[in-house]
file query_39.txt (compact mmCIF, N, CA and C atoms)
# COMPACT_ATOMS: atom_id res chain seq x y z
N MET R 292 41.04 38.98 66.10
CA MET R 292 42.25 39.21 66.86
C MET R 292 42.72 37.89 67.47
N VAL R 293 44.03 37.68 67.43
CA VAL R 293 44.64 36.50 68.04
C VAL R 293 45.19 36.93 69.40
N ALA R 294 44.78 36.26 70.45
CA ALA R 294 45.28 36.55 71.79
C ALA R 294 46.39 35.56 72.13
N ILE R 295 47.47 36.09 72.69
CA ILE R 295 48.61 35.28 73.11
C ILE R 295 48.69 35.37 74.63
N VAL R 296 48.61 34.24 75.30
CA VAL R 296 48.70 34.21 76.76
C VAL R 296 49.88 33.32 77.13
N ASP R 297 50.96 33.96 77.58
CA ASP R 297 52.19 33.23 77.94
C ASP R 297 52.95 34.08 78.94
N ASP R 298 53.46 33.46 80.00
CA ASP R 298 54.19 34.24 81.00
C ASP R 298 55.66 34.45 80.62
N ASP R 299 56.07 34.00 79.46
CA ASP R 299 57.44 34.19 78.96
C ASP R 299 57.47 35.39 78.01
N ASP R 300 58.16 36.47 78.44
CA ASP R 300 58.23 37.71 77.65
C ASP R 300 58.74 37.46 76.24
N LEU R 301 59.79 36.66 76.12
CA LEU R 301 60.40 36.42 74.81
C LEU R 301 59.44 35.66 73.89
N MET R 302 58.73 34.70 74.43
CA MET R 302 57.76 33.94 73.62
C MET R 302 56.64 34.86 73.14
N ARG R 303 56.12 35.70 74.04
CA ARG R 303 55.05 36.63 73.64
C ARG R 303 55.54 37.54 72.52
N SER R 304 56.73 38.09 72.67
CA SER R 304 57.29 39.01 71.65
C SER R 304 57.48 38.30 70.32
N ALA R 305 58.03 37.08 70.38
CA ALA R 305 58.28 36.32 69.15
C ALA R 305 56.98 36.00 68.42
N LEU R 306 55.97 35.58 69.17
CA LEU R 306 54.69 35.25 68.55
C LEU R 306 54.02 36.49 67.97
N GLN R 307 54.08 37.61 68.70
CA GLN R 307 53.49 38.84 68.17
C GLN R 307 54.19 39.27 66.89
N GLY R 308 55.52 39.18 66.88
CA GLY R 308 56.28 39.54 65.68
C GLY R 308 55.93 38.67 64.50
N MET R 309 55.80 37.37 64.73
CA MET R 309 55.45 36.44 63.67
C MET R 309 54.06 36.75 63.11
N LEU R 310 53.10 36.99 63.99
CA LEU R 310 51.74 37.28 63.54
C LEU R 310 51.69 38.61 62.79
N LYS R 311 52.42 39.61 63.28
CA LYS R 311 52.46 40.91 62.61
C LYS R 311 53.04 40.76 61.21
N SER R 312 54.06 39.91 61.06
CA SER R 312 54.73 39.74 59.76
C SER R 312 53.80 39.15 58.70
N VAL R 313 52.74 38.46 59.13
CA VAL R 313 51.78 37.90 58.17
C VAL R 313 50.44 38.65 58.18
N GLY R 314 50.43 39.80 58.86
CA GLY R 314 49.25 40.66 58.84
C GLY R 314 48.12 40.27 59.76
N LEU R 315 48.41 39.46 60.78
CA LEU R 315 47.37 39.07 61.72
C LEU R 315 47.46 39.92 62.99
N PRO R 316 46.39 40.62 63.34
CA PRO R 316 46.41 41.43 64.56
C PRO R 316 46.44 40.54 65.80
N SER R 317 47.21 40.95 66.79
CA SER R 317 47.29 40.16 68.01
C SER R 317 47.43 41.07 69.22
N GLN R 318 47.15 40.49 70.36
CA GLN R 318 47.35 41.17 71.63
C GLN R 318 47.93 40.14 72.58
N ALA R 319 48.93 40.54 73.36
CA ALA R 319 49.62 39.60 74.25
C ALA R 319 49.30 39.89 75.71
N PHE R 320 49.23 38.82 76.48
CA PHE R 320 48.92 38.91 77.90
C PHE R 320 49.91 38.03 78.66
N ALA R 321 50.38 38.53 79.81
CA ALA R 321 51.40 37.82 80.59
C ALA R 321 50.80 36.73 81.48
N SER R 322 49.48 36.70 81.59
CA SER R 322 48.85 35.67 82.42
C SER R 322 47.41 35.45 81.97
N ALA R 323 46.87 34.31 82.36
CA ALA R 323 45.46 34.01 82.07
C ALA R 323 44.56 35.02 82.78
N GLU R 324 44.95 35.38 84.00
CA GLU R 324 44.15 36.35 84.75
C GLU R 324 44.11 37.70 84.04
N GLU R 325 45.26 38.13 83.49
CA GLU R 325 45.32 39.40 82.76
C GLU R 325 44.40 39.35 81.53
N PHE R 326 44.42 38.23 80.82
CA PHE R 326 43.55 38.06 79.66
C PHE R 326 42.08 38.15 80.07
N LEU R 327 41.69 37.45 81.12
CA LEU R 327 40.30 37.46 81.56
C LEU R 327 39.87 38.86 82.01
N LYS R 328 40.74 39.56 82.73
CA LYS R 328 40.41 40.92 83.22
C LYS R 328 40.28 41.92 82.08
N SER R 329 40.97 41.66 80.96
CA SER R 329 40.98 42.62 79.84
C SER R 329 39.62 42.70 79.14
N GLY R 330 38.80 41.67 79.28
CA GLY R 330 37.53 41.65 78.57
C GLY R 330 37.68 41.37 77.08
N GLN R 331 38.88 41.03 76.64
CA GLN R 331 39.15 40.82 75.22
C GLN R 331 38.66 39.47 74.70
N HIS R 332 38.22 38.58 75.60
CA HIS R 332 37.84 37.26 75.12
C HIS R 332 36.65 37.32 74.15
N GLN R 333 35.84 38.38 74.22
CA GLN R 333 34.73 38.51 73.27
C GLN R 333 35.22 38.84 71.86
N GLN R 334 36.37 39.51 71.74
CA GLN R 334 36.92 39.89 70.44
C GLN R 334 37.97 38.90 69.93
N THR R 335 38.25 37.88 70.70
CA THR R 335 39.31 36.94 70.36
C THR R 335 38.80 35.85 69.42
N ALA R 336 39.43 35.78 68.24
CA ALA R 336 39.04 34.78 67.24
C ALA R 336 39.86 33.50 67.38
N CYS R 337 41.04 33.62 68.00
CA CYS R 337 41.91 32.47 68.23
C CYS R 337 42.78 32.78 69.45
N LEU R 338 42.97 31.81 70.30
CA LEU R 338 43.76 31.97 71.52
C LEU R 338 44.96 31.03 71.47
N ILE R 339 46.15 31.60 71.67
CA ILE R 339 47.36 30.79 71.81
C ILE R 339 47.75 30.90 73.27
N ALA R 340 47.79 29.78 73.96
CA ALA R 340 48.06 29.81 75.39
C ALA R 340 49.10 28.77 75.79
N ASP R 341 49.97 29.19 76.70
CA ASP R 341 50.91 28.27 77.31
C ASP R 341 50.13 27.41 78.31
N ILE R 342 50.60 26.20 78.54
CA ILE R 342 49.95 25.33 79.52
C ILE R 342 50.41 25.70 80.93
N CYS R 343 51.73 25.72 81.14
CA CYS R 343 52.29 25.95 82.47
C CYS R 343 52.66 27.42 82.64
N MET R 344 51.86 28.11 83.46
CA MET R 344 52.13 29.51 83.77
C MET R 344 51.96 29.70 85.26
N THR R 345 52.57 30.76 85.79
CA THR R 345 52.32 31.08 87.19
C THR R 345 50.86 31.53 87.30
N GLY R 346 50.23 31.20 88.40
CA GLY R 346 48.82 31.51 88.54
C GLY R 346 48.00 30.46 87.81
N MET R 347 46.98 30.91 87.10
CA MET R 347 46.08 30.01 86.38
C MET R 347 46.81 29.40 85.18
N SER R 348 46.67 28.09 85.03
CA SER R 348 47.30 27.40 83.89
C SER R 348 46.46 27.59 82.63
N GLY R 349 47.03 27.24 81.50
CA GLY R 349 46.29 27.30 80.25
C GLY R 349 45.07 26.41 80.26
N LEU R 350 45.20 25.22 80.85
CA LEU R 350 44.04 24.31 80.94
C LEU R 350 42.95 24.87 81.83
N GLU R 351 43.34 25.53 82.91
CA GLU R 351 42.34 26.17 83.79
C GLU R 351 41.65 27.32 83.06
N LEU R 352 42.41 28.07 82.26
CA LEU R 352 41.83 29.16 81.46
C LEU R 352 40.81 28.58 80.48
N GLN R 353 41.18 27.50 79.81
CA GLN R 353 40.28 26.86 78.86
C GLN R 353 38.99 26.41 79.57
N ALA R 354 39.12 25.81 80.74
CA ALA R 354 37.95 25.34 81.50
C ALA R 354 37.06 26.52 81.90
N LYS R 355 37.66 27.61 82.31
CA LYS R 355 36.89 28.80 82.72
C LYS R 355 36.13 29.37 81.52
N LEU R 356 36.80 29.49 80.38
CA LEU R 356 36.13 30.00 79.17
C LEU R 356 35.00 29.07 78.75
N ASN R 357 35.25 27.76 78.79
CA ASN R 357 34.20 26.79 78.43
C ASN R 357 33.00 26.91 79.37
N ALA R 358 33.27 27.09 80.66
CA ALA R 358 32.19 27.22 81.65
C ALA R 358 31.34 28.46 81.37
N GLU R 359 31.96 29.49 80.79
CA GLU R 359 31.25 30.73 80.45
C GLU R 359 30.68 30.66 79.02
N HIS R 360 30.73 29.48 78.40
CA HIS R 360 30.25 29.27 77.03
C HIS R 360 30.93 30.20 76.04
N CYS R 361 32.19 30.47 76.30
CA CYS R 361 33.02 31.32 75.43
C CYS R 361 33.97 30.38 74.69
N MET R 362 33.52 29.88 73.56
CA MET R 362 34.26 28.85 72.82
C MET R 362 35.24 29.49 71.83
N ILE R 363 36.41 29.78 72.29
CA ILE R 363 37.46 30.35 71.45
C ILE R 363 38.35 29.21 70.96
N PRO R 364 38.59 29.12 69.65
CA PRO R 364 39.54 28.10 69.17
C PRO R 364 40.89 28.32 69.84
N THR R 365 41.37 27.31 70.55
CA THR R 365 42.57 27.45 71.36
C THR R 365 43.68 26.53 70.87
N ILE R 366 44.87 27.13 70.76
CA ILE R 366 46.08 26.38 70.43
C ILE R 366 46.99 26.45 71.65
N PHE R 367 47.31 25.30 72.20
CA PHE R 367 48.21 25.26 73.34
C PHE R 367 49.64 25.06 72.89
N ILE R 368 50.55 25.77 73.53
CA ILE R 368 51.98 25.59 73.31
C ILE R 368 52.60 25.31 74.67
N THR R 369 53.50 24.35 74.72
CA THR R 369 54.08 24.02 76.03
C THR R 369 55.43 23.34 75.90
N ALA R 370 56.25 23.58 76.88
CA ALA R 370 57.53 22.87 76.99
C ALA R 370 57.40 21.72 77.98
N HIS R 371 56.25 21.61 78.63
CA HIS R 371 56.08 20.64 79.72
C HIS R 371 54.89 19.73 79.52
N GLY R 372 54.47 19.52 78.28
CA GLY R 372 53.28 18.71 78.04
C GLY R 372 53.56 17.22 78.03
N ASP R 373 52.52 16.46 78.25
CA ASP R 373 52.61 15.01 78.14
C ASP R 373 51.33 14.52 77.45
N ALA R 374 51.26 13.23 77.16
CA ALA R 374 50.12 12.68 76.42
C ALA R 374 48.79 12.90 77.16
N ARG R 375 48.81 12.77 78.48
CA ARG R 375 47.58 12.95 79.27
C ARG R 375 47.08 14.39 79.17
N MET R 376 48.02 15.33 79.30
CA MET R 376 47.69 16.75 79.22
C MET R 376 47.15 17.09 77.82
N ARG R 377 47.81 16.53 76.80
CA ARG R 377 47.38 16.76 75.42
C ARG R 377 45.93 16.28 75.22
N MET R 378 45.64 15.08 75.69
CA MET R 378 44.28 14.53 75.54
C MET R 378 43.26 15.37 76.30
N GLN R 379 43.62 15.82 77.49
CA GLN R 379 42.72 16.67 78.28
C GLN R 379 42.39 17.94 77.52
N ALA R 380 43.41 18.57 76.94
CA ALA R 380 43.21 19.82 76.21
C ALA R 380 42.35 19.60 74.97
N LEU R 381 42.65 18.55 74.21
CA LEU R 381 41.91 18.28 72.98
C LEU R 381 40.46 17.88 73.27
N ARG R 382 40.25 17.10 74.32
CA ARG R 382 38.88 16.71 74.70
C ARG R 382 38.05 17.93 75.10
N ALA R 383 38.71 18.92 75.68
CA ALA R 383 38.00 20.13 76.11
C ALA R 383 37.83 21.13 74.97
N GLY R 384 38.28 20.75 73.77
CA GLY R 384 38.01 21.60 72.61
C GLY R 384 39.19 22.31 71.99
N ALA R 385 40.39 22.08 72.48
CA ALA R 385 41.56 22.73 71.85
C ALA R 385 41.68 22.27 70.41
N VAL R 386 42.12 23.17 69.52
CA VAL R 386 42.29 22.80 68.12
C VAL R 386 43.69 22.26 67.83
N GLU R 387 44.64 22.57 68.73
CA GLU R 387 46.01 22.08 68.52
C GLU R 387 46.74 22.09 69.86
N PHE R 388 47.75 21.23 69.97
CA PHE R 388 48.58 21.14 71.17
C PHE R 388 50.00 20.93 70.67
N MET R 389 50.85 21.94 70.82
CA MET R 389 52.18 21.92 70.23
C MET R 389 53.26 22.00 71.30
N ALA R 390 54.30 21.18 71.12
CA ALA R 390 55.44 21.20 72.04
C ALA R 390 56.42 22.29 71.60
N LYS R 391 56.97 23.01 72.58
CA LYS R 391 58.03 23.98 72.30
C LYS R 391 59.34 23.21 72.21
N PRO R 392 60.24 23.53 71.31
CA PRO R 392 60.06 24.51 70.23
C PRO R 392 59.19 23.93 69.13
N PHE R 393 58.41 24.77 68.49
CA PHE R 393 57.51 24.33 67.43
C PHE R 393 57.89 25.02 66.13
N ASP R 394 57.38 24.50 65.05
CA ASP R 394 57.62 25.05 63.73
C ASP R 394 56.65 26.21 63.50
N ASP R 395 57.18 27.41 63.20
CA ASP R 395 56.32 28.58 62.99
C ASP R 395 55.29 28.35 61.89
N GLY R 396 55.70 27.68 60.82
CA GLY R 396 54.79 27.42 59.71
C GLY R 396 53.61 26.57 60.13
N VAL R 397 53.88 25.56 60.95
CA VAL R 397 52.80 24.68 61.43
C VAL R 397 51.87 25.47 62.34
N LEU R 398 52.44 26.32 63.20
CA LEU R 398 51.60 27.14 64.08
C LEU R 398 50.73 28.08 63.25
N LEU R 399 51.30 28.74 62.25
CA LEU R 399 50.52 29.65 61.41
C LEU R 399 49.39 28.91 60.69
N GLU R 400 49.67 27.71 60.21
CA GLU R 400 48.61 26.93 59.55
C GLU R 400 47.49 26.61 60.54
N SER R 401 47.85 26.28 61.77
CA SER R 401 46.84 25.99 62.80
C SER R 401 46.02 27.22 63.11
N ILE R 402 46.68 28.39 63.19
CA ILE R 402 45.97 29.65 63.46
C ILE R 402 45.00 29.95 62.32
N ARG R 403 45.48 29.84 61.10
CA ARG R 403 44.62 30.14 59.95
C ARG R 403 43.42 29.20 59.90
N ALA R 404 43.64 27.92 60.18
CA ALA R 404 42.53 26.95 60.22
C ALA R 404 41.52 27.32 61.30
N ALA R 405 42.00 27.73 62.46
CA ALA R 405 41.12 28.12 63.56
C ALA R 405 40.32 29.36 63.19
N LEU R 406 40.94 30.31 62.50
CA LEU R 406 40.26 31.55 62.12
C LEU R 406 39.21 31.31 61.05
N GLU R 407 39.39 30.28 60.24
CA GLU R 407 38.43 29.99 59.16
C GLU R 407 37.18 29.29 59.66
N ASN R 408 37.25 28.68 60.83
CA ASN R 408 36.09 27.94 61.35
C ASN R 408 35.17 28.81 62.17
call {"tool": "encode", "arguments": {"input": "query_39.txt", "output": "structure tokens"}}
result
Amino acid sequence: MVAIVDDDDLMRSALQGMLKSVGLPSQAFASAEEFLKSGQHQQTACLIADICMTGMSGLELQAKLNAEHCMIPTIFITAHGDARMRMQALRAGAVEFMAKPFDDGVLLESIRAALEN
């Protein structure tokens, strides 16, 4: 299952629609806290997370999962990223860091690569 964590309703809907169109099951969450409370991180094969969200950020979510030894391949998407943020995410184990707007094909390739590992 691919988990989508983004506080933007339209982004969550668009990503879920795209994943459904290629036959990938997904579940969307409006916040990092909602994702953590759901207990779904054990079933998550790939995580797509926004960096800047109200409450816990995507980077904080990644740090929390890493601290719990829950190594989910993570793809970050953001409209507010910079080189420092990108390096922080990649050093902590992210498989991709994409600026919004991004190419759907590139995102799907990143998801498929993450699911194969």
call {"tool": "atom_distance", "arguments": {"input": "query_39.txt", "atom1": "CA of Ala336 (chain R)", "atom2": "atom N of Ala294 (chain R)"}}
result
6.7 Å
call {"tool": "closest_residue", "arguments": {"input": "query_39.txt", "among": "R:Ala390, R:Gly330, R:Ser312, R:Leu338", "to": "Ile402 (chain R)", "atoms": "only N, CA and C atoms"}}
result
R:Leu338
call {"tool": "select_by_dssp", "arguments": {"input": "query_39.txt", "residues": "region 297-404 of chain R", "states": "helix (DSSP H, G or I)", "output": "PyMOL selection string"}}
result
chain R and resi 300-312+323-329+331-333+349-358+374-382+395-404
call {"tool": "closest_residue", "arguments": {"input": "query_39.txt", "among": "R:Asp373, R:Asp297, R:Asp395, R:Glu325", "to": "Ala340 (chain R)", "atoms": "all atoms listed in the file"}}
result
R:Asp297
call {"tool": "closest_residue", "arguments": {"input": "query_39.txt", "among": "R:Cys361, R:Leu310, R:Met389, R:Ala305", "to": "Ile342 (chain R)", "atoms": "only C-alpha atoms"}}
result
R:Met389
call {"tool": "residues_around", "arguments": {"input": "query_39.txt", "residues": "Arg377 (chain R)", "least_positions_apart": "4", "cutoff": "8 Å", "atoms": "only N, CA and C atoms", "output": "ChimeraX atom specification"}}
result
/R:372-373,381-383,387-389
call {"tool": "residues_around", "arguments": {"input": "query_39.txt", "residues": "Lys391 (chain R)", "least_positions_apart": "5", "cutoff": "7 Å", "atoms": "all atoms listed in the file", "output": "PyMOL selection string"}}
result
chain R and resi 368-371
call {"tool": "atom_distance", "arguments": {"input": "query_39.txt", "atom1": "CA of Asp299 (chain R)", "atom2": "CA of Cys337 (chain R)"}}
result
19.0 Å
call {"tool": "residues_near_point", "arguments": {"input": "query_39.txt", "point": "(47.8, 25.1, 62.1)", "cutoff": "12 Å", "atoms": "only C-alpha atoms", "output": "number ranges by chain"}}
result
R: 337, 339, 364-368, 385-389, 393-407
call {"tool": "select_by_dssp", "arguments": {"input": "query_39.txt", "residues": "chain R", "states": "strand (DSSP E or B)", "output": "PyMOL selection string"}}
result
chain R and resi 293-296+317-320+337-341+365-369+387-390
call {"tool": "atom_distance", "arguments": {"input": "query_39.txt", "atom1": "CA of Leu350 (chain R)", "atom2": "CA of Val313 (chain R)"}}
result
27.6 Å
call {"tool": "axis_aligned_box", "arguments": {"input": "query_39.txt", "around": "region 374-391 of chain R", "padding_each_side": "4 Å", "output": "JSON"}}
result
{"center_x": 48.6, "center_y": 18.3, "center_z": 73.6, "size_x": 29.5, "size_y": 19.3, "size_z": 19.5}
call {"tool": "closest_residue", "arguments": {"input": "query_39.txt", "among": "R:Asp341, R:Glu324, R:Thr335, R:Met292", "to": "Met362 (chain R)", "atoms": "all atoms listed in the file"}}
result
R:Thr335
call {"tool": "closest_residue", "arguments": {"input": "query_39.txt", "among": "R:Leu352, R:Val293, R:Cys343, R:Ala358", "to": "Ser317 (chain R)", "atoms": "all atoms listed in the file"}}
result
R:Val293
call {"tool": "closest_residue", "arguments": {"input": "query_39.txt", "among": "R:Ala323, R:Leu306, R:Met378, R:Ser329", "to": "Glu351 (chain R)", "atoms": "only N, CA and C atoms"}}
result
R:Ala323
